[in-house]
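Peer 1: Got a structure for you, run.csv, holding CSV, C-alpha atoms.
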chain,number,residue,atom,x,y,z
X,1,MET,CA,112.9,176.9,304.4
X,2,GLU,CA,109.2,176.8,305.1
X,3,VAL,CA,107.3,177.2,308.4
X,4,LYS,CA,103.8,175.9,308.8
X,5,SER,CA,101.1,177.0,311.3
X,6,VAL,CA,97.6,175.6,311.8
X,7,VAL,CA,94.5,176.8,313.6
X,8,LYS,CA,91.8,174.2,314.1
X,9,ASN,CA,88.0,174.5,314.7
X,10,THR,CA,87.7,178.2,313.9
X,11,GLY,CA,83.9,178.3,314.1
X,12,THR,CA,83.6,179.8,310.6
X,13,SER,CA,82.7,177.9,307.5
X,14,PRO,CA,85.5,177.1,305.1
X,15,ARG,CA,83.6,178.9,302.3
X,16,LYS,CA,83.7,182.2,304.2
X,17,MET,CA,87.4,181.7,305.1
X,18,ARG,CA,88.4,181.0,301.5
X,19,LEU,CA,87.2,184.4,300.4
X,20,LEU,CA,89.8,186.0,302.8
X,21,ILE,CA,92.5,183.4,302.1
X,22,ASP,CA,92.4,183.9,298.4
X,23,MET,CA,93.2,187.6,298.9
X,24,VAL,CA,96.5,187.0,300.7
X,25,ARG,CA,97.9,183.9,298.9
X,26,GLY,CA,101.2,184.7,297.3
X,27,LYS,CA,101.6,188.1,299.0
X,28,SER,CA,104.4,189.2,301.2
X,29,VAL,CA,103.6,188.9,304.9
X,30,ASP,CA,103.5,192.7,305.5
X,31,GLU,CA,101.2,193.3,302.5
X,32,ALA,CA,98.9,190.4,303.6
X,33,LEU,CA,98.6,191.8,307.1
X,34,VAL,CA,97.7,195.3,305.8
X,35,MET,CA,95.1,193.8,303.5
X,36,LEU,CA,93.5,191.8,306.4
X,37,LYS,CA,93.6,194.8,308.7
X,38,PHE,CA,91.4,196.9,306.4
X,39,THR,CA,89.1,194.0,305.4
X,40,PRO,CA,85.6,194.5,306.9
X,41,SER,CA,85.1,190.8,307.7
X,42,PRO,CA,85.3,189.9,311.4
X,43,HIS,CA,87.0,186.6,310.4
X,44,ALA,CA,90.1,188.5,309.0
X,45,ARG,CA,91.4,188.8,312.5
X,46,ILE,CA,91.7,185.0,312.8
X,47,VAL,CA,93.7,184.8,309.5
X,48,ALA,CA,95.9,187.7,310.5
X,49,LYS,CA,96.6,186.2,313.9
X,50,LEU,CA,97.6,182.9,312.2
X,51,ILE,CA,100.0,184.6,309.8
X,52,LYS,CA,101.6,186.5,312.7
X,53,THR,CA,102.0,183.2,314.6
X,54,ALA,CA,103.8,181.6,311.6
X,55,VAL,CA,106.1,184.7,311.3
X,56,ALA,CA,107.0,184.6,315.0
X,57,ASP,CA,107.7,180.9,314.7
X,58,ALA,CA,109.9,181.5,311.7
X,59,GLU,CA,111.8,184.2,313.4
X,60,THR,CA,112.4,182.4,316.7
X,61,ALA,CA,112.9,178.8,315.8
X,62,HIS,CA,114.4,179.1,312.3
X,63,ASN,CA,116.2,182.5,312.5
X,64,MET,CA,114.5,183.9,309.4
X,65,ALA,CA,114.1,187.7,308.8
X,66,GLY,CA,110.4,188.7,309.2
X,67,ALA,CA,110.7,191.3,306.4
X,68,ASN,CA,111.7,188.7,303.8
X,69,LEU,CA,108.8,186.3,304.4
X,70,LYS,CA,106.0,185.5,302.0
X,71,VAL,CA,102.7,183.5,302.3
X,72,LEU,CA,103.6,180.5,300.1
X,73,LYS,CA,100.5,178.4,300.8
X,74,ILE,CA,97.4,179.0,302.7
X,75,TYR,CA,94.3,176.9,302.6
X,76,SER,CA,91.1,176.1,304.6
X,77,ASP,CA,89.7,172.6,305.2
X,78,GLU,CA,86.5,171.4,306.7
X,79,ALA,CA,86.4,170.7,310.4
X,80,MET,CA,83.7,169.2,312.5
X,81,ILE,CA,80.1,170.1,311.7
X,82,LEU,CA,77.6,170.7,314.6
X,83,LYS,CA,74.3,169.3,313.6
X,84,ARG,CA,71.3,171.1,315.0
X,85,TYR,CA,67.6,171.1,314.2
X,86,LYS,CA,65.0,173.9,313.8
X,87,ALA,CA,61.3,173.5,314.5
X,88,ARG,CA,59.0,173.8,311.5
X,89,SER,CA,55.3,173.8,311.0
X,90,ARG,CA,53.2,170.7,311.5
X,91,HIS,CA,55.6,169.2,314.1
X,92,ARG,CA,58.4,168.8,311.6
X,93,VAL,CA,62.1,169.7,311.8
X,94,SER,CA,64.7,170.8,309.4
X,95,PRO,CA,68.4,170.3,309.9
X,96,ILE,CA,71.0,173.1,310.4
X,97,GLN,CA,74.7,172.4,309.9
X,98,LYS,CA,77.0,174.8,311.7
X,99,ARG,CA,80.3,174.3,309.9
X,100,SER,CA,83.8,175.1,311.1
X,101,SER,CA,87.2,175.0,309.5
X,102,HIS,CA,90.9,174.3,309.9
X,103,ILE,CA,93.2,176.9,308.4
X,104,THR,CA,96.9,176.1,307.4
X,105,VAL,CA,99.4,178.7,306.4
X,106,VAL,CA,102.9,178.1,305.1
X,107,VAL,CA,105.4,181.0,305.1
X,108,GLY,CA,108.8,181.0,303.6
X,109,GLU,CA,111.6,183.4,302.4
X,110,GLN,CA,111.2,185.3,299.1
X,111,GLU,CA,113.7,184.8,296.4
X,112,GLY,CA,115.7,188.0,295.7
Taking this structure as input, can you express it in the form of structure tokens?
Peer 2:
Amino acid sequence: MEVKSVVKNTGTSPRKMRLLIDMVRGKSVDEALVMLKFTPSPHARIVAKLIKTAVADAETAHNMAGANLKVLKIYSDEAMILKRYKARSRHRVSPIQKRSSHITVVVGEQEG
């Protein structure tokens, strides 16, 4: 059985999130949380919180053991983009795109 959790509009670009997400894909939940705890990125807290949410949902709603769970799938998609402009010389502007992302994690039981 698989349990899915999603966090939307994180305020962090998907490119930065994918660096963290690639580290924990396929790992056990305990190992993934330890890796994220000691990662210097401030965005690791968002990913760790999402994994903890998926584990809590699996334990309460589906009666799975938290020690046997594994991160099966985890991915980051683009969310809304805030479009801003920055003043430049000679009364011109240049666009700034502030990207955000949706993160999805799927946890399930390990075989064996």
Peer 1: So which one's closest to Val24 of chain X, X:Ser76, X:Met64, X:Lys83, X:Leu36? Using only C-alpha atoms, please.
Peer 2: X:Leu36
Peer 1: Do you know which residues are at most 10 Å from segment 45-47 of chain X counting all atoms listed in the file, after dropping those on the same chain fewer than 2 positions away, and could you put them as a list in words?
Peer 2: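 The residues that qualify are Val7, Thr10, Thr12, Met17, Leu20, Ile21, Val24, Ala32, Leu33, Leu36, Lys37, Thr39, Pro40, Ser41, Pro42, His43, Lys49, Leu50, Ile51, Lys52, Thr53, Ile74, Ile103, Thr104 and Val105 of chain X.
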Peer 1: With a distance cut-off of 8 Å and all atoms listed in the file, select the neighbouring residues of Gly11 of chain X, excluding the residue or stretch itself and same-chain residues fewer than 2 positions from it, and output the selection as a ChimeraX atom specification.
Peer 2: /X:9,13,99-101
Peer 1: What does the structure give for the distance between atom CA of Ala44 of chain X and atom CA of Lys16 of chain X, in Å to one decimal?
Peer 2: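 Atom CA of Lys16 of chain X lies 10.2 Å from atom CA of Ala44 of chain X.
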Peer 1: Quick one: distance from atom CA of Asp30 of chain X to atom CA of Glu78 of chain X in Å, one decimal?
Peer 2: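 About the pair atom CA of Asp30 of chain X and atom CA of Glu78 of chain X: they are 27.3 Å apart.
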Peer 1: Can you tell me how far atom CA of Lys86 of chain X sits from atom CA of Arg18 of chain X, in Å to one decimal?
Peer 2: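 Interatomic distance, atom CA of Lys86 of chain X to atom CA of Arg18 of chain X: 27.4 Å.
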Peer 1: At a cut-off of 12 Å, using all atoms listed in the file, what residues contact Ala61 of chain X? Leave out same-chain residues fewer than 4 positions from it and give the result as an mmCIF file with C-alpha atoms, in the coordinates of the input.
Peer 2:
data_model
loop_
_atom_site.group_PDB
_atom_site.id
_atom_site.type_symbol
_atom_site.label_atom_id
_atom_site.label_comp_id
_atom_site.auth_asym_id
_atom_site.auth_seq_id
_atom_site.Cartn_x
_atom_site.Cartn_y
_atom_site.Cartn_z
ATOM 1 C CA MET X 1 112.900 176.900 304.400
ATOM 2 C CA GLU X 2 109.200 176.800 305.100
ATOM 3 C CA VAL X 3 107.300 177.200 308.400
ATOM 4 C CA LYS X 4 103.800 175.900 308.800
ATOM 5 C CA THR X 53 102.000 183.200 314.600
ATOM 6 C CA ALA X 54 103.800 181.600 311.600
ATOM 7 C CA VAL X 55 106.100 184.700 311.300
ATOM 8 C CA ALA X 56 107.000 184.600 315.000
ATOM 9 C CA ASP X 57 107.700 180.900 314.700
ATOM 10 C CA ALA X 65 114.100 187.700 308.800
#
Peer 1: Nearest residue to Glu31 of chain X out of X:Leu19, X:Ile81, X:Ala67, X:Val106, using only C-alpha atoms?
Peer 2: X:Ala67
Peer 1: Taking only C-alpha atoms into account, name the residue in X:Leu82, X:Lys27, X:Met35, X:Asn63 that is nearest to Val107 of chain X.
Peer 2: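 Going through X:Leu82, X:Lys27, X:Met35, X:Asn63 one by one, the smallest distance to Val107 of chain X is for X:Lys27.
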